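K.L.:
Dropping the structure in here first, questions after.
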Amino acid sequence: MSAAARARRLDEHASIVVLERGAYVSFANCGLPYHLAGEIGREESLLVQTPQSLAEALALDVRTGSTVTAIDRDARTVHVRTAASEYDLPYDSLLLAPGAVAVRPPIDGLDDPAVHALRTIDDVQRLRGTVDHVLATRPEGEARAVVVGAGFIGLEAVEALVTRGLSVDVVELADHVLPPLDAELATLVSDELVHHGVRLHVGVSATQVSDEPDGSVVVTLSDGSQLPADLVLVNVGVRPESSLARDAGLDLGPTGAIRVDADHRTSDPHVWAVGDAIEVRQAVTGAVGPVPLAGPANRQGRRAADSMLGHRTTPQADVLGTAIVRVFRLTAAMTGASQRVLDRAGIDHEVVRVHPGHHAGYYPGAQQVHIVASFAPDGRLLGAQAVGRAGVDKRMDVLATALRAGMTADDLAELELSYAPPFGSAKDPVNMVGFVAQNALDGTAPQWHPDELDEVRRDTLVLDVRTHGEFSRGHLPGAMHVPHIQVRDHLEKIRAAAAGRPISVHCQSGVRSYLATRMLIGAGMDARNLSGGWLSLLASRPELRTSAVPTQPKEPATV
Amino acid sequence: MKIVVVGGVAAGASVAARARRLDEFAEIVVLERGHHVSFANCGLPYHIGQVIADRSRLLLQTPASLRESLDIDVRVGAEVLSIDRSARTVTVRELDSGREYTESYDALALCPGANPVRPPLPGIDHPAVHVLRRLGDMDQIKARLDALVTAAAKGERGPARTVVIGAGYIGLEMAENFQHRGAQVHVVELADQILPPLDHEMSVPVEQHLRSRGVQLHLSTGAAAFTPRPDGAVNVELTSGELLPADLVILAAGVRPATGLAVEAGLALGPHGGIAVDEHMRTSDPAIWAAGDAVETPHTVLPGTALAPLAGPANRQARVAAENICGRDTVYRSTQGTSVVKVFDMVAGGTGATERQLVAAQVPYRAVHVHPSGHAGYYPGTAMMSLKLLFSPGTGRILGAQAAGFDGVDKRLDVLAAALRAEQTVYDLEELELAYAPPFGSAKDPVNMAGFVASNVLRGDIALWYAQDWETATRGARLVDVRTPEEYEIWHLPGAENLPLAVLRERCVDWDRSVPVRLYCAVGFRSYLAHRALVQRGFADVSVLSGGTATFRAWRELMPESDEPPAPVIAYAEPPELAAQVRRQAAQPVVSGVSVDLDCSGLACPGPIMKLAETMRGLGTGDEVVVTVSDPGFANDGPAWARRNGHELVELAPSGPGYVGRFRKGGTSAPAPTAALSALAGVAAPAAKNSFVVFSGDLDKVLAAFIIANGALAMGEEVSMFFTFWGLSSLRRTDAPARDRSAMDRMFGAMMPQGADKLALSQMHLAGAGTAMIKKVMKDKAVPSLPELIASAQAGGARLIACTMTMDLLGIAHEDLIDGVELGGVATFLGEAHDSGTTLFI
């Protein structure tokens, strides 16, 4: 739709025909879960444009219910099938924007009427109908749903179903919810889901949906467990809808996505392609593949229209993969490469973790923003993720802008962002990320990371510099405890305890341990600071929540 | 290494802390004249407003906590009297004891901050007149206000009367917090606008918001004197001659860098009177550094240096100073002046240079205005924002940005601040990939939108004209409003003709392509489409009003009286007064008891008015609609629409970004008892109804029919028009699709005029000359053409019914007629006529 609109603005006289298989054009598919929840009450508000409005404003010939079944590239025609007729439509330029199709996981009984998808307005209408029916017929609190797939749309749907009053089980094949998010932040999202009564089943898949006599179904998981449900929502991801392109002999990439050049032209010079069906180059890693996101799709449409009409040909920027999702009170967002992606691509990086307030702590309502960011050894930002209750979207947009601009840790430290107490701090969380990264990269405050915990406990002295109260609520077994304000007075005692080993310092969030690390380094010791502190450690190593040693009155190492 | 820091608030505390982290063994002494270090000065207004209830939350660090965690020797109540640069010592006086001593240094950091400007006005030392800079100031103000509020609560006196002098950030935060405590608030500002970091048109929405919350603004006005009143209060005499009695006056007219110590020590100052520093924050003395509000630093966009009393830059300057003191080579590049303020429910701010600054510095620039919503319009809780982008005409580099709105304003400012710092161009803004889900943004974020428009400008895809150039830009040009007739009717630019896009495409065919065309719509998008359509049809000079009527109306508020174009519809009075006026004017319909709730939040452009009109049409006289809108412009549109249509605006209350309005349907013909009866029966009373039989195909007669029809619609009445025989010609479309027809049908088709524009006069046709003349006269007199009248009637809800019998007879098919025409027979007409008060045969 973006391409057609842009094309009309560039060429008033072109004949522009939009062929849409479904009954709607230009609808707000990102709004579907919110419509399900009832937050967006009017269905018509999801219809961004209609064929009539497009005809009036842009003189577009929009034909819904029109499926293109084949492309004849030599004759430059497409074959169109509608409910009533079939015809060939000639073209000078052809743009393919077929989008993606839902992946059908190998589940027995996937065509059961209790199984739903959430990709189209028809889907949401049917799902709403089922939800209404189930809520009307089941005793209160006993309506159950199983959501297969804990990606972005899956979790938005979970929230919607819980809001409507259903009891929800979530099944996710990956080992944590929101697979694109790094595990340490996904833990926070899992906690939020569990807090709202959602039951999580991760690392397993659904294998079967079978009918029960009372009209409900049972979902069987790969671990053999069985979940009763009144409805099942399957959302395990999408794959490019490239069959038309493939049948027409256009080049596809290894992932099955349509291969395009920087102007979105396919291997046929008269055919362009945009959106979820094409492969794009990802920033940071340079990997090529499909990235189904609304923002890039919109901008690709503009680009393709420009190219089709010979307007300009400047290359499309690489895709950062900026994404965001709200899960109950939490927001999770990401841009650029995750730690997992960097590890897999073998890209050297330093990770920093901060947990500042989203605005000045003394102004009411401050919420912690948990930010994890990765930097190249030369200081270049490679990716960032964040989770929190407020202010997450702002920081992610600033970091996405910084990433696109090729900014470094120094640049982040220098960013001059808007500050008044209701909005931020004089040192914004993004500045904090820059400060910590500078200190980590230039050796001012070397870091150790949660995934090094086992080696750290084996080979180094763990120094916990939190307060007595914090220490008593849980700490690493064998950790030496010196509150940070007393470290200066106990330097020799610490030196003796370390006995030549490096000292691995930590506090709750990483700030006080940074001060302590500087004191120890100043005293000539080999000290490192735990990135993100105890908060990040618990998020990365959830097993510590139960195994961390609570207070022991005569903890020998406590000063 | 011994580091002495003068001043222990934002910059001073930061220098000391960073120095300690870099050098564990340095001796670090902080000398602070006041009694507190490292307190949250940006939080002071909010403690007075009791938003921050606990005073101790403002004390970020104490001398004890700084000593414990950072081993810093902090001395409060210690005033530095002088610097001996050759001996590298400072002379210190303990304010409590009066004892004086010298302290030596290896490195000295000056962080004295800034002092509030106290203009030398008569009576300024009156105890009711305060500045707000330090905790002690805050305590005094709060104590005075608390006493006033307590007395008022006991009924011993009226509400506290407060006057804030200066409408910068602190002034407005004080105004909001006073209001929050139940005080009456007057804000006095010497400039002709509030918020100096914003350009005029960006500050006006905030001014309107302040007024809607009951704050009295006195712009282009200064304080002249303060005279004591017998009741212990003070009279603030304004330059306008007005007297404002006040129990509490806040001077927030700006700050001056505290450079006394530096001047006495012979350190170099910059052109703006701040301490001059190099990129390492080092002063003209290599052993002395400076940071914070007292220094001037290079501006990111403008030539030269600038003072920027802002917390963020102060902290980073301090960090850079400490790093260089400790032997590192760190550079402070520039300050771009990013700032933001919350004013009740609104948020406004800017980064980089303003248009005023660019003009003053003679930096070439271009500007665009966009008005997107904070997040997807279909997701609740958003409102339109105003976003202005200033950029270089050559490279497209971002020079400045400003935003004012309700949700998501600070986010867009930060993104633009980062982009500006990265020296990005408007083309980069097009490509920014920002986080999108409906609660947070749009697939095309407001920042992308600004980038799109700006890039279009630079690539020549669009040409803009600006609200401030209204007179010159439209001179000799055809001024076209491409909004809907409903929007046009509520308010339009003087001299504009209303041609919605679809109509414009048809109408422009016979226009002189050399006559400039100036287009506008509500925010700039529809007029952009129209621009593209006209340019490609060969029009030589077409441009679009930047930011549409939204920006234009903001500008108009500020134009001097003489430049005010005659207001065609709206008096720009205060919404409440306007509401009262409407109440007086409207015939008071009897309340029917029927009330309909209408949620229009998230709707913009053409907006809530359309929904409201639609809903109102289905109601009877005396019925009410309670409409919730998030569009701030509704304060103007709602009352105007009500007045135009004879409805009563019962109340209009601010709610979040928008308003909740209660409208009572007016009307002249439906008798109240009927309305009441129908209401009891649960049926909406029918509005007055008119039916027309349009038999004639003569231009003048059909014109008359549609003029009457539009008039009836405007009066809120219903209209049905039944077209039969020659009357059907006016509904034929000019571009009817080809289809197989019988020879007879084709003949009739060829003989009858094809469409409204082809009709001829009943008399004086004179082989076409008379018809052409009357069309010209109509155009000259700005009488809408027949196609416009038809479009307007349709948009107003008129039912156009084509007689099926005639269609059969003359071989006219449904697709030969313009869109939106119903088909009907005699029964349909008789049914309509039966319900009608007026039936005309034309």
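By order in the structure tokens, chains are A, B, ...; within a chain, residues start at 1; ligands start at 1, following the order shown.
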Let's see if you can do this: from backbone DSSP, list all strand (DSSP E or B) residues in segment 155-290 of chain B, as a tab-separated table (two decimals) with C-alpha atoms, in the first residue's frame.
P.N.:
chain	number	residue	atom	x	y	z
B	161	ARG	CA	-2.79	34.83	44.68
B	162	THR	CA	0.47	34.14	42.91
B	163	VAL	CA	2.38	35.90	40.15
B	164	VAL	CA	5.21	34.25	38.24
B	165	ILE	CA	7.47	36.62	36.35
B	184	GLN	CA	-4.60	31.62	41.42
B	185	VAL	CA	-1.75	32.04	38.99
B	186	HIS	CA	-0.73	34.92	36.75
B	187	VAL	CA	2.30	34.53	34.49
B	188	VAL	CA	3.98	37.72	33.27
B	216	GLN	CA	-3.65	33.90	33.32
B	217	LEU	CA	-0.98	34.84	30.81
B	218	HIS	CA	0.29	38.39	30.37
B	223	ALA	CA	6.75	43.89	35.87
B	224	ALA	CA	7.37	47.57	36.63
B	225	ALA	CA	7.24	47.74	40.42
B	226	PHE	CA	6.15	46.00	43.58
B	227	THR	CA	4.15	48.03	46.09
B	228	PRO	CA	3.17	46.77	49.54
B	234	VAL	CA	2.12	43.06	47.27
B	235	ASN	CA	0.73	44.74	44.19
B	236	VAL	CA	2.64	43.77	41.07
B	237	GLU	CA	2.48	46.73	38.73
B	238	LEU	CA	2.74	45.65	35.13
B	243	LEU	CA	-2.16	45.84	39.04
B	244	LEU	CA	-1.96	42.25	40.16
B	245	PRO	CA	-2.39	41.74	43.90
B	246	ALA	CA	-0.16	38.87	44.97
B	248	LEU	CA	3.55	35.33	46.49
B	249	VAL	CA	5.70	36.46	43.57
B	250	ILE	CA	8.32	34.32	41.87
B	251	LEU	CA	11.05	35.95	39.82
B	255	VAL	CA	19.85	33.47	35.34
B	256	ARG	CA	23.28	35.03	34.99
B	257	PRO	CA	26.53	33.08	35.16
B	269	LEU	CA	35.36	35.52	29.77
B	275	ILE	CA	33.81	31.83	31.76
B	276	ALA	CA	35.77	30.99	28.61
B	282	ARG	CA	40.24	24.43	30.94
B	288	ILE	CA	41.97	26.10	36.55
B	289	TRP	CA	39.05	24.28	34.96
B	290	ALA	CA	35.39	25.30	34.91
K.L.:
Return as JSON, numbers by chain the residues belonging to chain B that are within 6 Å of chain A, counting only C-alpha atoms.
P.N.:
{"B": [21, 24, 52, 57, 68, 69, 311, 312, 338, 339, 340, 378, 379, 411, 414, 415, 434, 435, 443, 502, 532, 533, 536]}
K.L.:
Restricted to C-alpha atoms, what would the selected residues look like written as a compact mmCIF listing (two decimals), in the first residue's frame?
P.N.:
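Saved as out_1.txt:
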# COMPACT_ATOMS: atom_id res chain seq x y z
CA ARG B 21 36.87 7.33 40.57
CA GLU B 24 41.89 6.97 44.34
CA ILE B 52 7.48 15.32 45.51
CA ARG B 57 14.36 12.97 48.34
CA GLU B 68 31.88 7.71 52.95
CA SER B 69 31.58 6.47 49.44
CA ALA B 311 21.72 20.04 34.01
CA GLY B 312 22.73 17.48 31.38
CA THR B 338 18.18 20.05 24.37
CA SER B 339 15.42 20.81 26.83
CA VAL B 340 11.91 19.75 27.72
CA TYR B 378 -6.42 3.56 16.53
CA TYR B 379 -4.82 2.70 19.85
CA LYS B 411 10.90 10.51 22.95
CA ASP B 414 15.57 12.62 22.20
CA VAL B 415 15.67 10.80 18.88
CA LEU B 434 12.35 3.05 15.43
CA ALA B 435 10.46 0.74 17.74
CA ALA B 443 5.04 2.23 11.44
CA ALA B 502 -11.39 14.33 -5.75
CA ARG B 532 1.44 16.32 -6.65
CA ALA B 533 -1.75 16.14 -8.69
CA GLN B 536 1.85 16.81 -12.80
K.L.:
List the neighbours of Ala150 of chain A out to 12 Å using only C-alpha atoms; skip same-chain residues closer than 5 positions along the sequence, and give me the result as a compact mmCIF listing (two decimals) with C-alpha atoms, in the first residue's frame.
P.N.:
# COMPACT_ATOMS: atom_id res chain seq x y z
CA LEU A 155 2.52 -12.61 23.88
CA GLU A 156 0.30 -9.70 22.85
CA ALA A 157 -2.43 -12.27 22.32
CA VAL A 158 -1.72 -13.86 25.70
CA GLU A 159 -2.22 -10.49 27.36
CA VAL A 168 -3.79 -19.20 29.56
CA ASP A 169 -1.02 -21.74 28.98
CA VAL A 170 1.88 -20.70 26.73
CA VAL A 171 3.93 -23.25 24.81
CA GLU A 172 7.28 -22.19 23.35
CA LEU A 173 9.81 -24.41 21.64
CA ALA A 174 12.76 -22.14 22.43
CA ASP A 175 14.17 -22.21 25.95
CA HIS A 176 12.60 -18.86 26.85
CA VAL A 177 9.75 -16.58 25.83
CA LEU A 178 10.38 -13.90 23.20
CA PRO A 179 13.19 -15.84 21.49
CA PRO A 180 14.78 -12.76 19.83
CA LEU A 181 15.39 -11.26 23.30
CA ALA A 186 13.38 -12.71 28.80
CA VAL A 189 9.14 -11.03 30.85
CA SER A 190 8.50 -14.59 32.06
CA LEU A 193 3.58 -13.49 32.64
CA VAL A 198 0.02 -17.44 32.81
CA ARG A 199 1.50 -20.95 32.87
CA LEU A 200 4.69 -21.23 30.79
CA HIS A 201 5.88 -24.38 29.03
CA VAL A 202 9.24 -23.60 27.39
CA GLY A 203 11.58 -25.92 25.53
CA VAL A 204 8.63 -28.05 24.45
CA SER A 205 6.37 -28.15 21.42
CA LEU A 233 -4.02 -19.99 19.26
CA VAL A 234 -1.09 -20.97 17.08
CA ASN A 235 1.46 -18.32 16.24
CA VAL A 236 4.86 -19.87 15.70
CA GLY A 237 6.16 -17.39 13.19
CA VAL A 325 6.26 -5.42 22.61
CA VAL A 327 3.47 -7.58 27.94
K.L.:
Return as a ChimeraX atom specification the full set of residues in segment 396-483 of chain A whose backbone-based DSSP assignment is alpha helix (DSSP H).
P.N.:
/A:396-404,409-414,429-441,453-459,468-472
K.L.:
Atom CA of Pro446 of chain A to atom CA of Leu530 of chain A: how many Å, to one decimal?
P.N.:
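Separation of atom CA of Pro446 of chain A and atom CA of Leu530 of chain A: 8.7 Å.
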